[in-house]
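Visitor: My structure is below; once you've seen it, I'll send some questions.
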Amino acid sequence: MEHFDVVIIGAGASGLFCAAQAGYRGRKVLVLDHANKAGKKILMSGGGRCNFTNLDAAPKHFLSENPHFCISALKRYTPYDFVELVDRHGLEYVEKAPGQYFCEHSAKDLLNILLTECEWSGSEIRLDTKINTIDQLEKGFKLATSGGQIQCESLVVATGGLSIPTLGASGFGYQIAEQFDLKVLPRRASLVPITIQPTMKEKLSTLSGISLDIEATANGVTFKEPMLFTHRGISGPAILQISNFWQPGDELQLNLLPDMDPDAHFKALRQDKPKRALETELNSLLPKRFVEVMKQDVPWMTKPMAELSNEQLAQVIQYLTHFDVQPNGTEGYRTAEVTLGGVDTNEVSSKTFECNNVKGLYLIGEVLDVTGWLGGYNFQFAWSSGFAAGQFV
């Protein structure tokens, strides 16, 4: 039987970061993961360049049944703290949008920093290790693993969520929570592309790969960002963001002309350039391939502006500001960036991340019911929660 002060299940962002913090406090730390490589999700995130934080990380950018839960951790370990850490390691990074930091070259550079921190702190990482059973002892826990029996004082669940099972994601963290009678809230795929009805998918098939700036609205929430047509439906930042607020059956409003008052624009155009064809004007505002598809629904598009009635203009405006893409679902966990929902945050301390009713058991990162918007917020919660728990395990 091997003995450790702390065992962390999950060699992802929150688990590795927590391990380093605990190791620097002099704790004997072991990180276990069933995957053959640490930080697989880090490596593929952000197109392989990992959007590792957002300087604007604030509670308003997180979804949770308890929106106040994340405040304490985010205050105690801020995006600036993490940036200072990667600066010390000489990470080269770029700011793609205000506050959004990506690795300049590869997410490998960031993962290497985390692994280096674990090494410097004396934390051990074991991969390809399956955990068969977990038993609570009078003080601490006993784990039966594929590599033998392990005993520890503190057990940290940093298993992540259900998203991207091909990288090894599983519901193991939720199983542990249920074993210890912790409440687990309903989960669904989050930050995920939206699929569309078969007939619409066929109609829009020529648009795959086209991107345009839109405003996506669902259930009173609006995001103004790019949308990408794919061979399955729609994706891109605007769609991934709105997927947290839209569910099948809800209305999804897509405004393809978010930067103008289309009514005033087209009426002024009819006045100033009466001979200009509507199609010509639309080609200047939208991708040409999209305008070609639109022709199927608006056959009089080739007419000059002067010949268009108010009613016809109103139809065009309605078409473009309430584009009906006929959504029918999402691509699910297969391509989702994170999992919405998870272990109820009322079960753990917002200061220490220790379970209120199970001494020595800690939960951090995505396994909890804390889900960030797209843009580096989920990674920041991984660092903040990993840091917080690392001070107490």
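Within each chain, counting starts at residue 1; across the structure tokens, chains are named A, B, ... in the order shown, with ligands numbered 1 upward in that order.
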For Val31 in chain A, list every protein, DNA or RNA residue within 7 Å, evaluated using only C-alpha atoms, and leave out those in the same chain fewer than 2 positions away; present the list as an MDAnalysis selection string.

Guide: chainID A and resid 7:11 29 33 124:126

Visitor: Could you turn the residues from that selection into a file that holds C-alpha atoms, as a short mmCIF file (atom, residue, chain, number, x, y, z; two decimals), in the first residue's frame?

Guide:
data_model
loop_
_atom_site.label_atom_id
_atom_site.label_comp_id
_atom_site.auth_asym_id
_atom_site.auth_seq_id
_atom_site.Cartn_x
_atom_site.Cartn_y
_atom_site.Cartn_z
CA VAL A 7 -4.28 12.15 -4.61
CA ILE A 8 -5.71 14.12 -7.51
CA ILE A 9 -7.88 12.30 -10.05
CA GLY A 10 -7.46 13.95 -13.44
CA ALA A 11 -4.33 15.29 -15.17
CA VAL A 29 1.08 14.60 -4.19
CA ASP A 33 -5.33 9.69 -14.98
CA GLU A 124 4.11 12.74 -9.26
CA ILE A 125 1.92 12.03 -12.30
CA ARG A 126 0.84 8.51 -13.26
#

Visitor: Just the helix (DSSP H, G or I) stuff from range 151-310 of chain A, please, per backbone DSSP, written as a ChimeraX atom specification.

Guide: /A:165-167,172-179,198-203,205-207,237-242,262-272,278-285,288-295,299-302,305-307,310

Visitor: What does the distance from CA of Gly140 in chain A to CA of Asp5 in chain A come to in Å, to one decimal?

Guide: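 Distance reported for this atom pair: 9.0 Å.
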
Visitor: Could you give me, as a ChimeraX atom specification, the residues within 9 Å of Ala238 in chain A, counting only C-alpha atoms and dropping anything in the same chain fewer than 5 positions from it?

Guide: /A:213-216,222-228,243

Visitor: Export all heavy atoms of the chosen residues as a short mmCIF file (atom, residue, chain, number, x, y, z; two decimals), in the first residue's frame?

Guide:
data_model
loop_
_atom_site.label_atom_id
_atom_site.label_comp_id
_atom_site.auth_asym_id
_atom_site.auth_seq_id
_atom_site.Cartn_x
_atom_site.Cartn_y
_atom_site.Cartn_z
N ASP A 213 -20.40 37.96 -39.63
CA ASP A 213 -20.70 38.52 -38.32
C ASP A 213 -22.21 38.60 -38.15
O ASP A 213 -22.91 39.09 -39.04
CB ASP A 213 -20.10 39.92 -38.17
CG ASP A 213 -18.59 39.86 -38.02
OD1 ASP A 213 -18.10 38.83 -37.53
OD2 ASP A 213 -17.91 40.82 -38.40
N ILE A 214 -22.69 38.11 -37.02
CA ILE A 214 -24.14 38.11 -36.77
C ILE A 214 -24.41 38.50 -35.32
O ILE A 214 -23.49 38.64 -34.51
CB ILE A 214 -24.76 36.71 -37.02
CG1 ILE A 214 -24.26 35.69 -35.94
CG2 ILE A 214 -24.45 36.20 -38.40
CD1 ILE A 214 -25.21 34.58 -35.70
N GLU A 215 -25.69 38.61 -35.01
CA GLU A 215 -26.17 38.71 -33.64
C GLU A 215 -27.08 37.52 -33.41
O GLU A 215 -28.06 37.34 -34.13
CB GLU A 215 -26.98 40.01 -33.48
CG GLU A 215 -26.40 40.96 -32.47
CD GLU A 215 -27.17 42.28 -32.43
OE1 GLU A 215 -28.36 42.30 -32.75
OE2 GLU A 215 -26.53 43.28 -32.09
N ALA A 216 -26.72 36.67 -32.45
CA ALA A 216 -27.54 35.50 -32.13
C ALA A 216 -28.26 35.76 -30.81
O ALA A 216 -27.62 36.18 -29.83
CB ALA A 216 -26.67 34.26 -32.01
N THR A 222 -28.09 37.89 -25.94
CA THR A 222 -27.58 38.15 -27.29
C THR A 222 -26.06 38.16 -27.32
O THR A 222 -25.42 38.71 -26.43
CB THR A 222 -28.11 39.52 -27.80
OG1 THR A 222 -29.54 39.48 -27.85
CG2 THR A 222 -27.59 39.83 -29.20
N PHE A 223 -25.50 37.53 -28.36
CA PHE A 223 -24.05 37.59 -28.62
C PHE A 223 -23.82 38.08 -30.03
O PHE A 223 -24.46 37.60 -30.97
CB PHE A 223 -23.41 36.20 -28.46
CG PHE A 223 -23.34 35.73 -27.04
CD1 PHE A 223 -24.30 34.86 -26.53
CD2 PHE A 223 -22.31 36.16 -26.21
CE1 PHE A 223 -24.24 34.44 -25.21
CE2 PHE A 223 -22.25 35.74 -24.89
CZ PHE A 223 -23.21 34.88 -24.39
N LYS A 224 -22.93 39.05 -30.16
CA LYS A 224 -22.58 39.58 -31.49
C LYS A 224 -21.15 39.13 -31.80
O LYS A 224 -20.19 39.69 -31.29
CB LYS A 224 -22.69 41.10 -31.49
CG LYS A 224 -22.43 41.72 -32.85
CD LYS A 224 -22.56 43.23 -32.76
CE LYS A 224 -21.87 43.87 -33.92
NZ LYS A 224 -21.71 45.31 -33.75
N GLU A 225 -21.05 38.08 -32.60
CA GLU A 225 -19.75 37.50 -32.94
C GLU A 225 -19.89 36.78 -34.29
O GLU A 225 -20.99 36.69 -34.83
CB GLU A 225 -19.31 36.51 -31.85
CG GLU A 225 -18.97 37.20 -30.52
CD GLU A 225 -18.15 36.31 -29.60
OE1 GLU A 225 -17.08 35.86 -30.03
OE2 GLU A 225 -18.59 36.09 -28.45
N PRO A 226 -18.83 36.22 -34.83
CA PRO A 226 -18.95 35.51 -36.12
C PRO A 226 -19.71 34.19 -36.00
O PRO A 226 -19.68 33.53 -34.96
CB PRO A 226 -17.49 35.25 -36.51
CG PRO A 226 -16.69 36.23 -35.73
CD PRO A 226 -17.42 36.41 -34.44
N MET A 227 -20.41 33.85 -37.09
CA MET A 227 -21.06 32.55 -37.24
C MET A 227 -20.44 31.85 -38.44
O MET A 227 -20.11 32.49 -39.43
CB MET A 227 -22.56 32.72 -37.46
CG MET A 227 -23.27 31.41 -37.78
SD MET A 227 -25.06 31.61 -38.00
CE MET A 227 -25.16 32.18 -39.69
N LEU A 228 -20.30 30.53 -38.33
CA LEU A 228 -19.72 29.74 -39.41
C LEU A 228 -20.75 28.71 -39.88
O LEU A 228 -21.32 27.98 -39.06
CB LEU A 228 -18.46 29.03 -38.90
CG LEU A 228 -17.77 28.05 -39.85
CD1 LEU A 228 -17.06 28.81 -40.97
CD2 LEU A 228 -16.76 27.19 -39.09
N SER A 243 -25.32 28.60 -27.54
CA SER A 243 -25.71 27.22 -27.21
C SER A 243 -25.88 27.01 -25.71
O SER A 243 -26.54 26.07 -25.27
CB SER A 243 -24.70 26.22 -27.77
OG SER A 243 -23.48 26.27 -27.03
#

Visitor: Give the strand (DSSP E) residues of range 205-311 of chain A, as assigned by DSSP on the backbone, as a PyMOL selection string.

Guide: chain A and resi 211-218+221-229+233-235+253-255

Visitor: Near Leu115 in chain A, within 9 Å and counting only C-alpha atoms, which residues show up once chain neighbours fewer than 6 positions away are dropped, as a list in words?

Guide: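 Returned residues: Leu16, Phe17, Ala20, Ala38 and Ile125 of chain A.
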
Visitor: With C-alpha atoms retained, write the just-selected residues as an mmCIF file, in the first residue's frame.

Guide:
data_model
loop_
_atom_site.group_PDB
_atom_site.id
_atom_site.type_symbol
_atom_site.label_atom_id
_atom_site.label_comp_id
_atom_site.auth_asym_id
_atom_site.auth_seq_id
_atom_site.Cartn_x
_atom_site.Cartn_y
_atom_site.Cartn_z
ATOM 1 C CA LEU A 16 -2.211 19.700 -12.672
ATOM 2 C CA PHE A 17 -2.458 23.224 -11.305
ATOM 3 C CA ALA A 20 1.731 22.066 -8.158
ATOM 4 C CA ALA A 38 -1.660 14.543 -19.550
ATOM 5 C CA ILE A 125 1.919 12.025 -12.302
#

Visitor: With only C-alpha atoms as the atoms that count, which of A:Gln312, A:Gln326, A:Ser284, A:Asn255 lies nearest to Ile234 in chain A?

Guide: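 Distance minimum relative to Ile234 in chain A lands on A:Gln326.
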